[in-house]
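Undergrad: Mind having a look at this structure? Questions to follow.
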Amino acid sequence: MTTTVTTPSAGVPSVEQDARPGVGQVLRQFAGRQYLLGVLVVLCVAVGIARPSFWGSGNVSNVLFQASFVGLAACGMTLLIAAGLLDLSVGGVIAVASIAVATVLPHTTIGTALLLALAIGAVLGLVNGLLVTYVKIAPFIATLGTLYLFLGAAFIWTSGKVVPITSSNYRGFTTGSVGSVPVPFVVFVVLAVATYLLLQHTYFGRTLRAFGSNERAAVLAGLPVNRAKVLVFVVAGVCFALAGIFMAGRLSSAEGNMATGFEMNVIAAVVVGGTALRGGRGTAFGTVVGALLFAVLNNALNLLGVASYWQYVLTGAVLVAAIAVGARRSSAAEVRGAG
């Protein structure tokens, strides 16, 4: 009995060759997933043509600063939302951490002040994590309550007054540049890379995505769901405090209402960037693009002289449209993958 070995004939690609995507296909897949990046590029080009001052070094620096404040907090929010969680206490954490920095700076070193702010962010995040995980309060309700609790503590601490930051070294550090790129944006990019690695290439990140997709299945699989829940709130609290550190330096002061409503900007950047609100999927690159998109949009509307009330309308329309397009694309992908 003989065995016949069939080899691919000349000019006929093998199955293995067909399965290997070409450079063009890879680029098309990337463009399909990151369509928002194309929207950002088109927006920048259009605004630059309409208002050439958009590309001025001072204006670009201002856009990067604004994107950094949102983006630093959004990195923590990306981890939370990928895990199917939410934190509305962003403004409260930023206020308390920033006021702590402004209060202790005259009496200690910059390094100590920064560590104190990050430690406060971790502790406040721990409070949220314990309430959600062990007291079993829904994240929306628990963090809405702690938002007012933290804001109240900030106002009591300062008696409702603004606390100035007089340290020129601190202001120089938080508003300085590496070349022509603001320091906060450099830190934001580094944090976004760390967020990606944490979410996609660690056991902790896999656990977050697992219980974000199906918490009951994650528990039955023996994953440390409760521990991961508490820890992700702590990490997010540190990210929020980091945003507060740079925001206070930019403002040269700290006060209770310095970040009121800021949580909505953060959540919008994360969701528009492609992180699924229902949990199970998160994208750090999308968060970077989302933060930049809203910073560019707000800056463009100001340069074009659009009235503030129309800015709310246009920004909301962009948010809804981006989420709607993303939802349709996700649904289509799920349908294609079902077969």
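Residues are named by chain letter and number: chains run A, B, ... in the order of the structure tokens, numbers start at 1 in each chain, and ligands are numbered from 1 in the order shown.
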Quick one: contact table of segment 149-188 of chain A to segment 80-94 of chain A, 9 Å max, nearest atom pair and distance in Å to one decimal per residue, counting only C-alpha atoms, chain and number order, as a tab-separated table?

TA:
residue	atom	partner	partner_atom	distance
A:Leu149	CA	A:Gly92	CA	7.8
A:Phe150	CA	A:Gly92	CA	4.8
A:Leu151	CA	A:Gly92	CA	4.8
A:Gly152	CA	A:Gly92	CA	8.4
A:Ala153	CA	A:Gly92	CA	8.7
A:Ala154	CA	A:Gly92	CA	7.6

Undergrad: Mind writing the picked residues with all heavy atoms as an mmCIF file, in the first residue's frame?

TA:
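Output contents, as saved in part37.cif:
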data_model
loop_
_atom_site.group_PDB
_atom_site.id
_atom_site.type_symbol
_atom_site.label_atom_id
_atom_site.label_comp_id
_atom_site.auth_asym_id
_atom_site.auth_seq_id
_atom_site.Cartn_x
_atom_site.Cartn_y
_atom_site.Cartn_z
ATOM 1 N N LEU A 149 -18.869 62.703 49.840
ATOM 2 C CA LEU A 149 -18.112 62.568 51.089
ATOM 3 C C LEU A 149 -16.725 63.184 50.945
ATOM 4 O O LEU A 149 -16.286 63.975 51.805
ATOM 5 C CB LEU A 149 -18.001 61.086 51.457
ATOM 6 C CG LEU A 149 -17.194 60.746 52.710
ATOM 7 C CD1 LEU A 149 -17.870 61.320 53.954
ATOM 8 C CD2 LEU A 149 -17.032 59.239 52.847
ATOM 9 N N PHE A 150 -16.035 62.869 49.862
ATOM 10 C CA PHE A 150 -14.687 63.406 49.643
ATOM 11 C C PHE A 150 -14.711 64.911 49.399
ATOM 12 O O PHE A 150 -13.853 65.645 49.889
ATOM 13 C CB PHE A 150 -14.022 62.694 48.455
ATOM 14 C CG PHE A 150 -13.866 61.208 48.626
ATOM 15 C CD1 PHE A 150 -13.720 60.374 47.514
ATOM 16 C CD2 PHE A 150 -13.879 60.620 49.882
ATOM 17 C CE1 PHE A 150 -13.577 59.009 47.651
ATOM 18 C CE2 PHE A 150 -13.742 59.244 50.042
ATOM 19 C CZ PHE A 150 -13.594 58.434 48.918
ATOM 20 N N LEU A 151 -15.698 65.371 48.611
ATOM 21 C CA LEU A 151 -15.805 66.814 48.370
ATOM 22 C C LEU A 151 -16.088 67.558 49.670
ATOM 23 O O LEU A 151 -15.524 68.627 49.929
ATOM 24 C CB LEU A 151 -16.916 67.097 47.358
ATOM 25 C CG LEU A 151 -16.635 66.742 45.895
ATOM 26 C CD1 LEU A 151 -17.864 67.017 45.037
ATOM 27 C CD2 LEU A 151 -15.440 67.530 45.369
ATOM 28 N N GLY A 152 -16.961 66.976 50.497
ATOM 29 C CA GLY A 152 -17.246 67.602 51.790
ATOM 30 C C GLY A 152 -16.001 67.687 52.652
ATOM 31 O O GLY A 152 -15.731 68.723 53.291
ATOM 32 N N ALA A 153 -15.208 66.619 52.653
ATOM 33 C CA ALA A 153 -13.957 66.628 53.428
ATOM 34 C C ALA A 153 -13.004 67.695 52.897
ATOM 35 O O ALA A 153 -12.331 68.386 53.678
ATOM 36 C CB ALA A 153 -13.312 65.244 53.356
ATOM 37 N N ALA A 154 -12.957 67.853 51.567
ATOM 38 C CA ALA A 154 -12.074 68.863 50.969
ATOM 39 C C ALA A 154 -12.486 70.271 51.375
ATOM 40 O O ALA A 154 -11.645 71.109 51.729
ATOM 41 C CB ALA A 154 -12.089 68.721 49.442
#

Undergrad: Give me, as a ChimeraX atom specification, all polymer residues having an atom no more than 7 Å from Val162 of chain A, counting only C-alpha atoms and skipping those fewer than 3 positions away in the same chain.

TA: /A:253-255

Undergrad: Just checking: using only C-alpha atoms, which residue out of A:Thr158, A:Ser168, A:Thr133, A:Gln311 ends up closest to Ala100 of chain A?

TA: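 Going through A:Thr158, A:Ser168, A:Thr133, A:Gln311 one by one, the smallest distance to Ala100 of chain A is for A:Thr158.
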
Undergrad: To test your reading of the structure, identify every residue in segment 55-284 of chain A that backbone DSSP assigns to strand (DSSP E or B), and report it as a list in words.

TA: Val163, Pro164, Ser177, Val178, Val181, Pro182, Ser253 and Ala254 of chain A

Undergrad: Excluding Ser53 of chain A and any residue of its chain fewer than 5 positions from it, enumerate the residues within 9 Å of it, using only C-alpha atoms, and give them as a PyMOL selection string.

TA: chain A and resi 48+59+303

Undergrad: Let me see the file: selected residues, N, CA and C atoms, as a PDB file, in the first residue's frame.

TA:
ATOM      1  N   GLY A  48      -6.782  73.062  11.670  1.00  0.00           N
ATOM      2  CA  GLY A  48      -5.548  73.739  11.276  1.00  0.00           C
ATOM      3  C   GLY A  48      -5.726  74.580  10.034  1.00  0.00           C
ATOM      4  N   ASN A  59      -0.481  76.739  21.622  1.00  0.00           N
ATOM      5  CA  ASN A  59      -1.797  76.108  21.572  1.00  0.00           C
ATOM      6  C   ASN A  59      -1.692  74.588  21.631  1.00  0.00           C
ATOM      7  N   LEU A 303     -11.323  78.158  19.555  1.00  0.00           N
ATOM      8  CA  LEU A 303     -10.635  78.927  18.516  1.00  0.00           C
ATOM      9  C   LEU A 303     -11.613  79.452  17.468  1.00  0.00           C
TER      10      LEU A 303
END
